[in-house]
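**Q** For reference, this is coords-v7.txt, and it has compact mmCIF, C-alpha atoms (C1' of nucleotides) and all ligand atoms.
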# COMPACT_ATOMS: atom_id res chain seq x y z
CA MET A 23 75.20 64.12 59.84
CA TYR A 24 72.84 65.85 62.27
CA SER A 25 73.93 68.65 64.57
CA ASN A 26 73.50 67.79 68.25
CA ILE A 27 72.07 71.20 69.03
CA MET A 28 68.90 70.16 67.18
CA ILE A 29 65.78 71.18 69.08
CA ARG A 30 63.92 67.98 69.91
CA LEU A 31 61.17 66.61 72.06
CA THR A 32 62.75 65.07 75.16
CA PRO A 33 61.38 63.23 78.23
CA GLN A 34 62.23 66.43 80.20
CA LYS A 35 59.92 68.43 77.95
CA LEU A 36 57.15 65.96 78.70
CA THR A 37 57.76 66.50 82.42
CA GLU A 38 57.45 70.26 81.94
CA LEU A 39 54.25 69.86 79.89
CA VAL A 40 52.74 67.59 82.53
CA ALA A 41 53.64 70.10 85.25
CA GLU A 42 52.38 73.24 83.54
CA ARG A 43 49.07 71.64 82.55
CA GLY A 44 48.39 69.84 85.83
CA LEU A 45 48.54 66.47 84.08
CA LYS A 46 49.92 63.23 85.46
CA MET A 47 53.10 61.47 84.55
CA THR A 48 52.46 57.90 83.39
CA PRO A 49 54.65 55.09 82.04
CA GLN A 50 52.67 55.16 78.78
CA ARG A 51 53.32 58.85 78.19
CA ARG A 52 56.98 58.40 79.02
CA ALA A 53 57.31 55.40 76.69
CA ILE A 54 55.63 57.23 73.80
CA VAL A 55 57.86 60.28 74.22
CA GLU A 56 60.98 58.13 74.54
CA CYS A 57 60.02 56.36 71.33
CA LEU A 58 59.56 59.66 69.49
CA ALA A 59 62.70 61.20 70.98
CA ALA A 60 64.81 58.28 69.73
CA THR A 61 63.69 58.18 66.12
CA ARG A 62 64.31 60.16 62.96
CA VAL A 63 61.98 58.18 60.70
CA HIS A 64 58.80 60.26 61.24
CA PRO A 65 56.74 57.30 62.51
CA THR A 66 53.02 56.82 62.01
CA ALA A 67 50.72 56.43 65.04
CA ASP A 68 50.69 52.69 64.42
CA GLU A 69 54.48 52.53 64.30
CA VAL A 70 54.62 54.34 67.65
CA PHE A 71 51.96 51.95 68.99
CA MET A 72 53.99 48.89 67.93
CA ASP A 73 57.27 50.29 69.20
CA VAL A 74 55.81 51.21 72.59
CA ASN A 75 54.14 47.82 72.91
CA ARG A 76 57.43 46.03 72.34
CA ARG A 77 58.73 47.47 75.61
CA PHE A 78 55.44 48.17 77.38
CA PRO A 79 52.76 45.70 76.26
CA MET A 80 49.03 46.38 76.52
CA THR A 81 49.38 50.06 75.75
CA SER A 82 46.22 50.89 73.82
CA ARG A 83 45.90 52.70 70.53
CA ALA A 84 43.66 55.27 72.25
CA THR A 85 46.46 56.23 74.61
CA VAL A 86 48.94 56.52 71.76
CA TYR A 87 46.58 58.76 69.80
CA ASN A 88 45.66 60.79 72.90
CA THR A 89 49.29 61.37 73.78
CA LEU A 90 50.29 62.22 70.22
CA ASN A 91 47.46 64.75 70.03
CA LEU A 92 48.46 66.18 73.40
CA LEU A 93 52.00 66.68 72.08
CA ILE A 94 50.72 68.19 68.81
CA ASP A 95 48.53 70.57 70.80
CA ALA A 96 51.49 71.58 72.97
CA GLU A 97 53.56 72.02 69.80
CA LEU A 98 56.14 69.50 70.98
CA VAL A 99 55.73 67.40 67.84
CA ASN A 100 54.81 68.34 64.31
CA ILE A 101 52.62 66.43 61.93
CA ILE A 102 53.22 65.43 58.30
CA GLU A 103 50.45 64.01 56.13
CA GLU A 104 51.33 61.70 53.26
CA SER A 105 49.30 59.13 51.31
CA GLY A 106 46.43 59.28 53.78
CA VAL A 107 48.44 58.74 56.96
CA LYS A 108 49.75 61.15 59.54
CA ARG A 109 53.41 60.96 60.52
CA PHE A 110 54.82 62.48 63.68
CA ASP A 111 57.96 64.59 63.84
CA PRO A 112 59.76 65.33 67.13
CA ASN A 113 62.31 67.59 65.43
CA LEU A 114 61.33 71.11 66.52
CA GLU A 115 64.05 72.86 64.53
CA PRO A 116 62.44 74.61 61.52
CA HIS A 117 63.16 72.26 58.64
CA HIS A 118 61.69 70.71 55.52
CA HIS A 119 61.18 67.20 54.13
CA PHE A 120 62.10 64.94 51.29
CA ILE A 121 59.61 62.13 50.64
CA CYS A 122 60.51 59.17 48.43
CA SER A 123 57.66 58.39 46.04
CA THR A 124 58.86 54.78 45.82
CA CYS A 125 59.42 53.66 49.42
CA GLY A 126 57.63 56.46 51.31
CA MET A 127 60.69 57.33 53.38
CA VAL A 128 60.59 60.83 54.91
CA GLU A 129 63.90 62.58 55.54
CA ASP A 130 64.71 65.94 57.09
CA VAL A 131 66.04 68.70 54.87
CA GLU A 132 67.79 71.59 56.57
CA ALA A 133 66.09 74.97 56.25
CA THR A 134 68.19 77.72 54.74
CA ASP A 135 67.83 81.40 55.58
CA ARG A 136 67.55 82.11 51.87
CA LEU A 137 64.34 80.14 51.57
CA GLU A 138 62.90 81.17 54.92
CA THR A 139 62.65 84.79 53.82
CA THR A 140 59.68 84.09 51.61
CA MET A 141 59.14 86.32 48.62
CA LEU A 142 55.74 84.78 47.96
CA ASN A 143 52.69 86.94 47.43
CA THR A 144 50.20 85.56 49.92
CA GLY A 145 47.22 87.73 49.00
CA GLY A 146 46.81 89.54 52.32
CA HIS A 147 46.66 86.48 54.58
CA GLN A 148 48.54 86.14 57.87
CA VAL A 149 51.25 83.54 57.25
CA GLU A 150 52.32 81.70 60.40
CA SER A 151 54.38 78.84 59.01
CA MET A 152 55.98 77.62 55.83
CA GLN A 153 56.69 74.04 54.96
CA ILE A 154 58.53 72.74 51.92
CA THR A 155 58.02 69.17 50.71
CA LEU A 156 60.39 67.75 48.14
CA ARG A 157 59.36 64.57 46.38
CA GLY A 158 61.35 62.21 44.23
CA THR A 159 63.36 59.00 44.37
CA CYS A 160 65.65 58.39 47.34
CA ALA A 161 69.27 57.37 46.78
CA LEU A 162 68.55 53.77 47.80
CA CYS A 163 65.49 53.33 45.56
CA PHE A 164 67.39 54.98 42.70
CA GLU A 165 70.22 52.46 43.11
CA VAL A 166 67.81 49.51 43.23
CA LYS A 167 66.08 50.78 40.08
CA ASN A 168 69.44 50.85 38.24
CA ASP A 169 70.61 47.44 39.58
CA MET B 18 43.68 88.12 39.66
CA TYR B 19 44.53 84.89 37.83
CA SER B 20 46.30 84.88 34.49
CA ASN B 21 44.26 83.25 31.76
CA ILE B 22 47.26 81.36 30.42
CA MET B 23 47.11 79.18 33.53
CA ILE B 24 47.62 75.52 32.63
CA ARG B 25 44.45 73.69 33.69
CA LEU B 26 42.63 70.46 33.30
CA THR B 27 40.02 70.88 30.54
CA PRO B 28 37.35 68.62 29.01
CA GLN B 29 39.60 68.46 25.92
CA LYS B 30 42.42 66.99 28.01
CA LEU B 31 40.01 64.34 29.26
CA THR B 32 39.18 63.49 25.64
CA GLU B 33 42.90 63.08 24.88
CA LEU B 34 43.43 60.92 27.97
CA VAL B 35 40.50 58.72 27.05
CA ALA B 36 41.84 58.34 23.50
CA GLU B 37 45.44 57.57 24.37
CA ARG B 38 44.49 54.99 27.01
CA GLY B 39 41.73 53.28 25.05
CA LEU B 40 39.17 54.34 27.65
CA LYS B 41 35.59 55.38 27.02
CA MET B 42 34.10 58.83 27.19
CA THR B 43 31.18 58.89 29.62
CA PRO B 44 28.84 61.60 30.94
CA GLN B 45 30.11 60.97 34.48
CA ARG B 46 33.74 61.49 33.50
CA ARG B 47 32.80 64.62 31.59
CA ALA B 48 30.77 66.01 34.51
CA ILE B 49 33.58 65.36 37.01
CA VAL B 50 36.16 67.05 34.79
CA GLU B 51 33.85 69.99 34.10
CA CYS B 52 33.34 70.41 37.85
CA LEU B 53 37.10 70.40 38.47
CA ALA B 54 37.82 72.67 35.52
CA ALA B 55 35.40 75.28 36.83
CA THR B 56 36.61 75.57 40.41
CA ARG B 57 39.50 77.16 42.25
CA VAL B 58 38.59 75.93 45.72
CA HIS B 59 40.55 72.63 45.70
CA PRO B 60 37.46 70.47 46.37
CA THR B 61 37.41 67.22 48.32
CA ALA B 62 36.14 64.02 46.67
CA ASP B 63 32.85 64.49 48.49
CA GLU B 64 32.51 68.08 47.27
CA VAL B 65 33.05 66.86 43.70
CA PHE B 66 30.50 64.08 44.33
CA MET B 67 27.88 66.56 45.54
CA ASP B 68 28.56 69.07 42.78
CA VAL B 69 28.34 66.44 40.05
CA ASN B 70 25.16 65.01 41.53
CA ARG B 71 23.47 68.39 41.45
CA ARG B 72 23.63 68.33 37.65
CA PHE B 73 23.87 64.58 37.05
CA PRO B 74 22.10 62.66 39.83
CA MET B 75 22.87 59.05 40.74
CA THR B 76 26.57 59.38 40.05
CA SER B 77 28.21 57.10 42.60
CA ARG B 78 31.04 57.88 44.94
CA ALA B 79 33.00 54.97 43.42
CA THR B 80 32.93 56.63 40.00
CA VAL B 81 34.02 59.95 41.47
CA TYR B 82 36.94 58.30 43.28
CA ASN B 83 37.84 56.17 40.24
CA THR B 84 37.86 59.19 37.94
CA LEU B 85 39.82 61.35 40.37
CA ASN B 86 42.42 58.60 40.73
CA LEU B 87 42.56 58.20 36.96
CA LEU B 88 43.25 61.93 36.62
CA ILE B 89 45.87 61.83 39.39
CA ASP B 90 47.56 58.89 37.68
CA ALA B 91 47.58 60.78 34.36
CA GLU B 92 48.95 63.83 36.19
CA LEU B 93 46.03 65.98 35.08
CA VAL B 94 45.16 66.88 38.66
CA ASN B 95 47.33 67.26 41.74
CA ILE B 96 46.49 66.22 45.25
CA ILE B 97 46.76 68.16 48.50
CA GLU B 98 46.36 66.46 51.87
CA GLU B 99 45.14 68.43 54.84
CA SER B 100 43.53 67.35 58.14
CA GLY B 101 42.99 63.81 56.95
CA VAL B 102 41.24 64.63 53.66
CA LYS B 103 42.52 64.78 50.14
CA ARG B 104 41.79 67.87 48.04
CA PHE B 105 42.04 67.91 44.27
CA ASP B 106 43.75 70.62 42.27
CA PRO B 107 43.20 71.04 38.50
CA ASN B 108 45.73 73.88 38.27
CA LEU B 109 48.73 72.33 36.51
CA GLU B 110 50.86 75.47 36.62
CA PRO B 111 53.65 74.96 39.21
CA HIS B 112 52.39 76.83 42.25
CA HIS B 113 52.10 76.69 46.01
CA HIS B 114 49.33 76.92 48.62
CA PHE B 115 48.12 78.94 51.54
CA ILE B 116 45.90 77.01 53.96
CA CYS B 117 43.84 78.82 56.60
CA SER B 118 44.11 77.05 59.96
CA THR B 119 40.73 78.50 60.97
CA CYS B 120 38.39 77.81 58.04
CA GLY B 121 40.48 75.31 56.05
CA MET B 122 40.38 77.37 52.86
CA VAL B 123 43.14 76.52 50.36
CA GLU B 124 44.34 79.26 48.03
CA ASP B 125 46.89 79.25 45.23
CA VAL B 126 50.14 81.11 45.74
CA GLU B 127 52.13 81.94 42.63
CA ALA B 128 55.53 80.26 42.32
CA THR B 129 58.48 82.57 41.91
CA ASP B 130 61.63 81.66 40.01
CA ARG B 131 63.62 82.70 43.04
CA LEU B 132 62.09 79.96 45.15
CA GLU B 133 61.98 77.34 42.43
CA THR B 134 65.75 77.26 42.19
CA THR B 135 66.10 75.34 45.41
CA MET B 136 69.28 75.74 47.38
CA LEU B 137 68.33 72.92 49.71
CA ASN B 138 70.73 70.09 50.47
CA THR B 139 68.73 66.99 49.65
CA GLY B 140 71.27 64.38 50.70
CA GLY B 141 71.81 62.75 47.33
CA HIS B 142 68.16 62.03 46.49
CA GLN B 143 66.56 62.67 43.10
CA VAL B 144 64.19 65.58 43.62
CA GLU B 145 61.29 65.61 41.15
CA SER B 146 58.99 68.21 42.67
CA MET B 147 58.86 70.88 45.32
CA GLN B 148 55.74 72.06 47.08
CA ILE B 149 55.46 74.91 49.55
CA THR B 150 52.58 75.06 52.01
CA LEU B 151 51.97 78.27 53.91
CA ARG B 152 49.68 78.12 56.91
CA GLY B 153 48.07 80.89 58.89
CA THR B 154 44.89 82.94 59.17
CA CYS B 155 43.13 84.06 56.00
CA ALA B 156 42.13 87.71 55.57
CA LEU B 157 38.45 86.90 56.19
CA CYS B 158 39.01 84.87 59.36
CA PHE B 159 41.42 87.53 60.61
CA GLU B 160 38.74 90.19 60.13
CA VAL B 161 36.11 88.09 61.91
CA LYS B 162 38.50 87.49 64.82
CA ASN B 163 38.98 91.27 65.22
CA ASP B 164 35.25 92.08 64.82
C1' DT C 19 21.22 48.15 12.81
C1' DC C 20 22.28 44.72 16.01
C1' DA C 21 25.14 41.56 18.40
C1' DT C 22 29.10 41.10 20.95
C1' DG C 23 32.80 41.77 24.02
C1' DA C 24 35.05 45.13 26.62
C1' DT C 25 34.75 48.78 29.82
C1' DA C 26 32.22 51.68 33.17
C1' DT C 27 28.89 52.44 36.70
C1' DT C 28 26.44 51.34 40.69
C1' DA C 29 25.09 50.35 45.67
C1' DG C 30 26.76 48.63 49.26
C1' DA C 31 30.41 45.92 51.68
C1' DA C 32 34.99 46.12 53.24
C1' DT C 33 39.08 48.42 54.82
C1' DA C 34 42.07 51.80 57.10
C1' DC C 35 42.96 55.31 60.16
C1' DA C 36 41.36 58.01 63.84
C1' DT C 37 38.21 59.32 67.63
C1' DC C 38 34.88 58.37 71.17
C1' DT C 39 32.88 55.85 75.23
C1' DA C 40 32.42 54.35 79.72
C1' DA C 41 34.17 51.22 82.99
C1' DA C 42 38.41 49.97 85.46
C1' DA C 43 42.99 51.35 86.92
C1' DA C 44 46.53 54.45 88.28
C1' DT C 45 48.18 58.74 90.03
C1' DG C 46 49.51 62.12 93.43
C1' DG C 47 48.25 65.23 97.11
C1' DA C 48 46.13 65.46 101.77
C1' DT D 25 46.72 55.33 103.34
C1' DC D 26 42.75 57.41 101.37
C1' DC D 27 40.36 59.52 97.85
C1' DA D 28 39.23 62.69 94.18
C1' DT D 29 40.85 63.25 89.76
C1' DT D 30 43.00 61.80 85.75
C1' DT D 31 44.37 58.16 82.70
C1' DT D 32 44.06 53.92 80.48
C1' DT D 33 41.73 50.33 78.23
C1' DA D 34 38.99 47.44 74.84
C1' DG D 35 35.91 47.93 71.86
C1' DA D 36 32.43 50.72 69.45
C1' DT D 37 31.87 54.39 66.37
C1' DG D 38 33.01 57.69 62.79
C1' DT D 39 34.99 59.12 58.44
C1' DA D 40 37.40 58.79 54.15
C1' DT D 41 38.53 55.70 50.68
C1' DT D 42 38.75 51.33 48.13
C1' DC D 43 36.83 47.01 46.73
C1' DT D 44 33.19 43.87 44.81
C1' DA D 45 30.35 41.95 41.63
C1' DA D 46 26.10 42.60 39.35
C1' DT D 47 24.19 45.64 35.90
C1' DA D 48 24.51 49.13 32.37
C1' DT D 49 26.77 51.37 28.67
C1' DC D 50 29.83 51.82 24.99
C1' DA D 51 32.15 51.00 20.47
C1' DT D 52 33.26 48.03 17.00
C1' DG D 53 32.29 45.45 13.01
C1' DA D 54 29.19 42.01 10.79
MN MN E 1 61.29 66.19 60.11
MN MN E 2 46.31 74.95 43.76
ZN ZN E 3 62.96 55.27 48.48
ZN ZN E 4 40.02 81.37 57.05
Spell out the structure here as structure tokens.
**A**
Amino acid sequence: MYSNIMIRLTPQKLTELVAERGLKMTPQRRAIVECLAATRVHPTADEVFMDVNRRFPMTSRATVYNTLNLLIDAELVNIIEESGVKRFDPNLEPHHHFICSTCGMVEDVEATDRLETTMLNTGGHQVESMQITLRGTCALCFEVKND
Amino acid sequence: MYSNIMIRLTPQKLTELVAERGLKMTPQRRAIVECLAATRVHPTADEVFMDVNRRFPMTSRATVYNTLNLLIDAELVNIIEESGVKRFDPNLEPHHHFICSTCGMVEDVEATDRLETTMLNTGGHQVESMQITLRGTCALCFEVKND
DNA sequence: TCATGATATTAGAATACATCTAAAAATGGA
DNA sequence: TCCATTTTTAGATGTATTCTAATATCATGA
């Protein structure tokens, strides 16, 4: 379903980030990155917090938020906002998203060359990124609805 | 710059909404809708609150939020989330957005037929809408940066 | 017109998510 | 191992939004 050449945040990338910024490697940072690297569900900060605490209790929310913001700043994770919460995306491959209006599920949608070459008139602004969000009803919710 | 056939929220549409839902027409609702109908800046709830209060003091935040949510629910305004705040969009014409990473300005970008006919593989989900967000540096911020 | 019941508005409390603080703990190089 | 520096922590604070319940307004029809 997913190609294994997908560009992703990995624990190795954390090591590089820590090295090049003169930061320190800590179990919390490693646990947060391992959690992100292992998931495709675009977790919220709180979901990361709960997941990390399952394996490494007493990790604080502040550390989770600090680390997530560090990774955002280093462009090793992307951020998606939906219904007032931020979701974190470790998939670095340019891609888009489908969001289910019923269950809130966020799924990756492969980017096509056709759509990347934007024909949009952007009124003289410098465009640096393009993100497409598709909304609708996911296959599962659609099935449930027509039970 | 903007076509005048643009589909927009109008005070008349509020009147229809109020009628078909058995709601009441109030000065607050009218003022909020007039504020939205007159702007192209995609205001936040607080910006609507302040604008409405300039002409109609003592309007509460609760009423602004209630009315905005009523309009969202009736699909007479759309919502854009950016940096943890919701922005409200009375432009009902299908269109996209450019967001300046420097000043936060949100500007409409015309939708093209070419891009509307999505070629994306959506994994069997029912797609109901598609929204493109372009990010970058607006012309003004770019000019300031190269002063 | 006025009374009545339904709906809307209000100020402020409550909630949710995120950031900040400052004291304690952990890290890694000398 | 020591120590300066960085990180973590619990809880406080901030910010955006929703909730509450008392009061005000509206619209209907007697
Ligand atoms: Mn993704
Ligand atoms: Mn718009
Ligand atoms: Zn769903
Ligand atoms: Zn700008």
**Q** Find the residues in chain A near chain C: any atom within 8 Å counts, using all atoms listed in the file. Write them as a PyMOL selection string.
**A** chain A and resi 46-48+87+107
**Q** With C-alpha atoms retained, export the selected residues as a PDB file, in the frame of the given file.
**A**
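Result file follows (selection32.pdb):
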ATOM      1  CA  LYS A  46      49.920  63.230  85.460  1.00  0.00           C
ATOM      2  CA  MET A  47      53.100  61.470  84.550  1.00  0.00           C
ATOM      3  CA  THR A  48      52.460  57.900  83.390  1.00  0.00           C
ATOM      4  CA  TYR A  87      46.580  58.760  69.800  1.00  0.00           C
ATOM      5  CA  VAL A 107      48.440  58.740  56.960  1.00  0.00           C
TER       6      VAL A 107
END
**Q** Residues within 10 Å of A:Glu132, please, as an mmCIF file with C-alpha atoms, keeping the file's coordinate frame. Count only C-alpha atoms (C1' of nucleotides); anything in the same chain fewer than 5 positions from it doesn't count.
**A**
data_model
loop_
_atom_site.group_PDB
_atom_site.id
_atom_site.type_symbol
_atom_site.label_atom_id
_atom_site.label_comp_id
_atom_site.auth_asym_id
_atom_site.auth_seq_id
_atom_site.Cartn_x
_atom_site.Cartn_y
_atom_site.Cartn_z
ATOM 1 C CA TYR A 24 72.840 65.850 62.270
ATOM 2 C CA GLU A 115 64.050 72.860 64.530
ATOM 3 C CA PRO A 116 62.440 74.610 61.520
ATOM 4 C CA HIS A 117 63.160 72.260 58.640
ATOM 5 C CA HIS A 118 61.690 70.710 55.520
ATOM 6 C CA HIS A 119 61.180 67.200 54.130
ATOM 7 C CA LEU B 137 68.330 72.920 49.710
ATOM 8 C CA ASN B 138 70.730 70.090 50.470
ATOM 9 C CA THR B 139 68.730 66.990 49.650
ATOM 10 C CA GLY B 140 71.270 64.380 50.700
#
**Q** Restrict the distance test to all atoms listed in the file, flag each residue of chain D within 9 Å of chain B, and return the flagged residues as a list in words.
**A**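 Interface list for chain D against chain B: DA40, DT41, DT42, DT49, DC50 and DA51 of chain D.
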**Q** Any idea what the distance is between atom CA of B:Pro44 and atom CA of B:Glu98?
**A**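 Result for atom CA of B:Pro44 versus atom CA of B:Glu98: 27.7 Å, one decimal.
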**Q** Just need chain A moved onto chain B: least-squares over all Cα atoms matched in order, then output as a compact mmCIF listing (two decimals) with C-alpha atoms, keeping the file's coordinate frame.
**A**
# COMPACT_ATOMS: atom_id res chain seq x y z
CA MET A 23 43.54 88.12 39.69
CA TYR A 24 44.47 84.93 37.84
CA SER A 25 46.22 84.93 34.48
CA ASN A 26 44.17 83.26 31.75
CA ILE A 27 47.19 81.42 30.40
CA MET A 28 47.07 79.21 33.50
CA ILE A 29 47.57 75.55 32.63
CA ARG A 30 44.42 73.74 33.69
CA LEU A 31 42.58 70.49 33.29
CA THR A 32 39.95 70.95 30.57
CA PRO A 33 37.26 68.69 29.05
CA GLN A 34 39.51 68.56 25.92
CA LYS A 35 42.32 67.09 28.01
CA LEU A 36 39.93 64.41 29.21
CA THR A 37 39.11 63.60 25.58
CA GLU A 38 42.81 63.23 24.81
CA LEU A 39 43.37 61.02 27.87
CA VAL A 40 40.43 58.82 26.92
CA ALA A 41 41.77 58.51 23.37
CA GLU A 42 45.39 57.74 24.21
CA ARG A 43 44.46 55.12 26.81
CA GLY A 44 41.68 53.43 24.84
CA LEU A 45 39.13 54.42 27.47
CA LYS A 46 35.52 55.43 26.91
CA MET A 47 33.98 58.83 27.16
CA THR A 48 31.08 58.89 29.63
CA PRO A 49 28.78 61.60 30.99
CA GLN A 50 30.11 60.93 34.50
CA ARG A 51 33.72 61.50 33.50
CA ARG A 52 32.76 64.64 31.62
CA ALA A 53 30.74 65.98 34.56
CA ILE A 54 33.57 65.34 37.03
CA VAL A 55 36.13 67.06 34.81
CA GLU A 56 33.80 69.99 34.15
CA CYS A 57 33.32 70.37 37.89
CA LEU A 58 37.07 70.38 38.51
CA ALA A 59 37.79 72.67 35.55
CA ALA A 60 35.35 75.27 36.89
CA THR A 61 36.58 75.54 40.45
CA ARG A 62 39.49 77.12 42.28
CA VAL A 63 38.58 75.90 45.76
CA HIS A 64 40.55 72.61 45.72
CA PRO A 65 37.48 70.43 46.39
CA THR A 66 37.45 67.18 48.33
CA ALA A 67 36.19 63.97 46.66
CA ASP A 68 32.91 64.42 48.51
CA GLU A 69 32.55 68.00 47.31
CA VAL A 70 33.07 66.80 43.73
CA PHE A 71 30.55 64.00 44.35
CA MET A 72 27.91 66.48 45.60
CA ASP A 73 28.56 68.98 42.84
CA VAL A 74 28.35 66.34 40.11
CA ASN A 75 25.18 64.90 41.61
CA ARG A 76 23.48 68.28 41.54
CA ARG A 77 23.60 68.22 37.74
CA PHE A 78 23.87 64.47 37.14
CA PRO A 79 22.12 62.55 39.94
CA MET A 80 22.92 58.94 40.82
CA THR A 81 26.61 59.29 40.08
CA SER A 82 28.27 56.99 42.60
CA ARG A 83 31.12 57.76 44.94
CA ALA A 84 33.08 54.89 43.36
CA THR A 85 32.97 56.58 39.98
CA VAL A 86 34.06 59.89 41.45
CA TYR A 87 37.00 58.25 43.22
CA ASN A 88 37.88 56.15 40.16
CA THR A 89 37.88 59.17 37.89
CA LEU A 90 39.84 61.32 40.32
CA ASN A 91 42.46 58.59 40.63
CA LEU A 92 42.56 58.21 36.85
CA LEU A 93 43.25 61.95 36.55
CA ILE A 94 45.88 61.83 39.32
CA ASP A 95 47.57 58.92 37.56
CA ALA A 96 47.56 60.83 34.26
CA GLU A 97 48.93 63.87 36.11
CA LEU A 98 45.99 66.01 35.03
CA VAL A 99 45.14 66.90 38.63
CA ASN A 100 47.31 67.25 41.69
CA ILE A 101 46.50 66.20 45.20
CA ILE A 102 46.78 68.13 48.48
CA GLU A 103 46.39 66.43 51.85
CA GLU A 104 45.17 68.43 54.82
CA SER A 105 43.57 67.41 58.13
CA GLY A 106 43.05 63.84 56.97
CA VAL A 107 41.31 64.61 53.68
CA LYS A 108 42.58 64.74 50.14
CA ARG A 109 41.82 67.80 48.04
CA PHE A 110 42.05 67.88 44.27
CA ASP A 111 43.75 70.60 42.27
CA PRO A 112 43.18 71.04 38.51
CA ASN A 113 45.72 73.88 38.28
CA LEU A 114 48.70 72.34 36.47
CA GLU A 115 50.84 75.47 36.61
CA PRO A 116 53.63 74.94 39.19
CA HIS A 117 52.38 76.80 42.24
CA HIS A 118 52.11 76.66 46.01
CA HIS A 119 49.35 76.92 48.61
CA PHE A 120 48.16 78.95 51.53
CA ILE A 121 45.92 77.05 53.96
CA CYS A 122 43.86 78.88 56.58
CA SER A 123 44.15 77.14 59.94
CA THR A 124 40.77 78.58 60.95
CA CYS A 125 38.43 77.88 58.02
CA GLY A 126 40.52 75.34 56.06
CA MET A 127 40.41 77.39 52.86
CA VAL A 128 43.16 76.51 50.36
CA GLU A 129 44.35 79.25 48.02
CA ASP A 130 46.90 79.22 45.22
CA VAL A 131 50.17 81.08 45.70
CA GLU A 132 52.16 81.90 42.60
CA ALA A 133 55.55 80.21 42.31
CA THR A 134 58.50 82.52 41.91
CA ASP A 135 61.68 81.64 40.04
CA ARG A 136 63.65 82.67 43.10
CA LEU A 137 62.13 79.92 45.20
CA GLU A 138 62.03 77.31 42.46
CA THR A 139 65.81 77.23 42.25
CA THR A 140 66.12 75.31 45.47
CA MET A 141 69.28 75.73 47.48
CA LEU A 142 68.30 72.91 49.81
CA ASN A 143 70.71 70.12 50.62
CA THR A 144 68.72 67.00 49.84
CA GLY A 145 71.27 64.41 50.95
CA GLY A 146 71.84 62.71 47.60
CA HIS A 147 68.20 61.96 46.76
CA GLN A 148 66.62 62.55 43.35
CA VAL A 149 64.22 65.47 43.81
CA GLU A 150 61.33 65.45 41.34
CA SER A 151 59.00 68.06 42.79
CA MET A 152 58.85 70.77 45.39
CA GLN A 153 55.76 71.99 47.14
CA ILE A 154 55.47 74.88 49.56
CA THR A 155 52.59 75.08 52.03
CA LEU A 156 51.99 78.30 53.89
CA ARG A 157 49.70 78.19 56.89
CA GLY A 158 48.10 80.97 58.86
CA THR A 159 44.91 83.01 59.13
CA CYS A 160 43.16 84.11 55.94
CA ALA A 161 42.15 87.75 55.48
CA LEU A 162 38.48 86.95 56.10
CA CYS A 163 39.05 84.94 59.30
CA PHE A 164 41.46 87.62 60.52
CA GLU A 165 38.77 90.28 60.02
CA VAL A 166 36.13 88.19 61.81
CA LYS A 167 38.53 87.63 64.72
CA ASN A 168 39.01 91.41 65.08
CA ASP A 169 35.27 92.25 64.68
**Q** Please compute the atom CA of A:Ser105-atom CA of B:Leu88 distance, one decimal, in Å.
**A** 16.1 Å
**Q** Could I get the residue neighbourhood of ligand ZN 4 (chain E) at 8 Å, counting only C-alpha atoms (C1' of nucleotides) and all ligand atoms, as a list in words?
**A** Ile116, Cys117, Ser118, Thr119, Cys120, Gly121, Met122, Thr154, Cys155, Ala156, Leu157, Cys158 and Phe159 of chain B
**Q** Which residues are near ligand MN 1 (chain E) - at most 6 Å, using all atoms listed in the file? Format: as an mmCIF file with C-alpha atoms, keeping the file's coordinate frame.
**A**
data_model
loop_
_atom_site.group_PDB
_atom_site.id
_atom_site.type_symbol
_atom_site.label_atom_id
_atom_site.label_comp_id
_atom_site.auth_asym_id
_atom_site.auth_seq_id
_atom_site.Cartn_x
_atom_site.Cartn_y
_atom_site.Cartn_z
ATOM 1 C CA ASP A 111 57.960 64.590 63.840
ATOM 2 C CA ASN A 113 62.310 67.590 65.430
ATOM 3 C CA ASP A 130 64.710 65.940 57.090
#
